[in-house]
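In what follows, a single structure is set out as structure tokens and then discussed.
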2 protein chains.
Amino acid sequence: MPSARTQRRLAAILAADVVGYSSLVERDEEATLFSLRDLRREVIDPLLAQHEGRIVKLMGDGALVEFASVVDAVACALSVQAGVAARQEKVPAEHRIVLRMGINLGDVVVEGEDLLGDGVNIAARLEQLSEPGGVLISGTAFDHLQGKLNVPLTFAGEQHVKNIERPVRTYRVGSPGRMPLHNGRSSP
Amino acid sequence: MPSARTQRRLAAILAADVVGYSSLVERDEEATLFSLRDLRREVIDPLLAQHEGRIVKLMGDGALVEFASVVDAVACALSVQAGVAARQEKVPAEHRIVLRMGINLGDVVVEGEDLLGDGVNIAARLEQLSEPGGVLISGTAFDHLQGKLNVPLTFAGEQHVKNIERPVRTYRVGSPGRMPLHNGRSSP
């Protein structure tokens, strides 16, 4: 047991970023920044507020959001993906903002407003592995959704994450047929 | 997804009770109540405060305590068991207060000060299955201790819990050789 008391907290951590952000910016920086700002204000921020998500940090085109509940985190992620897709139905595919998201449950170290530890790293890695427009969650997050959220969850294999000894089980949220529209850009 | 917003929170839930409480009370009610009050004031409450455990409710000889972190919950449970045993070294075995504890991690429903749901029921069931003086935790709690708490964890089988479809993995905390003293009373 550590003698100095480390502050810890169970948290559902959502990592999100924009697929192919640098290409979008290269194509039209101003339009991209405007679209992103518009989506945040009109779609993302209100949904985060509704599900009591707290933005831990913004990193370029990405964000780390903390929720007190896994159920809330996943429900929020799905609403954001659906809302972002719906708002851009009339936007040409090559200009669309498409998000990918990863969600993990962790007993994380709290340092002021920041969260640290494996729990955060795994969420970020899940985000990178997620499909454009999709939400990928860890096995431990999955374990706490059973019977609590009426949404299809599909096993998506085990993944090795840097510096994490045991492989991480991954699950795709939502049925592929009902996946929000995306512009076909693949993850880097 | 539920339309009315249910408030949820990830919590480490510790359920504890006194082994063979009714026999103790039958033998000597006043001494039992006095010992219990003394243990709470001198050992248990200070350790709960140190680990930021919140007493959700007291039920006869039992208690339900909420922690923000599984690591804290388990560290606290071990400290309490060791403290309770140490304080009663000179008490005759048949008069000793011996606790058993169960710890689970759940995405539980919050209703005012109370916590509801499977997550709580599983903690209570683990407590009933725990050895006198011991701490039994669920698989999902175990998953969040790896590398975070330097204490032996031994797989103790899968258990079926009433109204829970999937079996619950259980793990015993601490090495049996270092188990706090107990008076040999068995669980009912």
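Just so we're on the same page: first chain in the structure tokens is A, next is B, and so on; residues restart at 1 for each chain, and ligands are numbered from 1 in the order they show up.
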Write down, as an mmCIF file with N, CA and C atoms, in the first residue's frame, each residue of chain B that has any atom within 6 Å of an atom of chain A, counting only C-alpha atoms.
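Once everything was written out, this is result.cif:
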```cif
data_model
loop_
_atom_site.group_PDB
_atom_site.id
_atom_site.type_symbol
_atom_site.label_atom_id
_atom_site.label_comp_id
_atom_site.auth_asym_id
_atom_site.auth_seq_id
_atom_site.Cartn_x
_atom_site.Cartn_y
_atom_site.Cartn_z
ATOM 1 N N MET B 1 -32.101 3.193 -24.358
ATOM 2 C CA MET B 1 -31.712 4.242 -23.422
ATOM 3 C C MET B 1 -32.938 4.761 -22.683
ATOM 4 N N ARG B 8 -26.600 7.914 -12.162
ATOM 5 C CA ARG B 8 -25.725 6.773 -11.946
ATOM 6 C C ARG B 8 -24.345 7.234 -11.523
ATOM 7 N N ARG B 9 -23.623 6.298 -10.870
ATOM 8 C CA ARG B 9 -22.259 6.633 -10.463
ATOM 9 C C ARG B 9 -21.459 5.353 -10.314
ATOM 10 N N LEU B 10 -20.234 5.372 -10.784
ATOM 11 C CA LEU B 10 -19.317 4.274 -10.557
ATOM 12 C C LEU B 10 -18.889 4.321 -9.097
ATOM 13 N N ALA B 68 -14.823 6.060 -3.674
ATOM 14 C CA ALA B 68 -14.678 6.524 -5.059
ATOM 15 C C ALA B 68 -13.708 5.644 -5.822
ATOM 16 N N SER B 69 -12.892 4.857 -5.120
ATOM 17 C CA SER B 69 -11.866 4.044 -5.766
ATOM 18 C C SER B 69 -11.863 2.629 -5.189
ATOM 19 N N ASP B 107 -21.765 0.213 -11.461
ATOM 20 C CA ASP B 107 -22.289 1.452 -12.039
ATOM 21 C C ASP B 107 -23.696 1.539 -11.453
ATOM 22 N N LEU B 149 -2.110 -2.286 -6.011
ATOM 23 C CA LEU B 149 -2.124 -2.582 -4.585
ATOM 24 C C LEU B 149 -1.290 -3.840 -4.392
ATOM 25 N N ASN B 150 -0.275 -3.737 -3.560
ATOM 26 C CA ASN B 150 0.654 -4.846 -3.387
ATOM 27 C C ASN B 150 0.149 -5.809 -2.318
#
```
Checklist line | Residues within 10 Å of stretch 98-102 of chain B, only C-alpha atoms, excluding chain neighbours under 6 positions, as number ranges by chain | finding: B: 13-21, 36, 61-64, 74, 77-78, 80-81, 84-85, 88, 122-138, 170-172, 180-185, 187
Notebook entry, point to check: So what do you get for atom CA of A:Glu94 versus atom CA of A:Leu24, distance-wise?
Noted result: 7.9 Å
Note to self: Using DSSP assignments from the backbone, pull out every residue in chain A that falls under alpha helix (DSSP H) and give it to me as a ChimeraX atom specification.
What the structure shows: /A:21-27,29-39,45-50,70-87,118-129,139-142
Notebook entry, point to check: What lies within 8 Å of stretch 30-35 of chain A using only C-alpha atoms, ignoring chain neighbours under 4 positions off, as number ranges by chain?
Noted result: A: 24-25, 39, 95, 97
Check: DSSP says strand (DSSP E) for which residues of stretch 27-160 of chain A? Put them as a ChimeraX atom specification?
Finding: /A:54-59,62-67,99-111,114-116,135-138,153-159
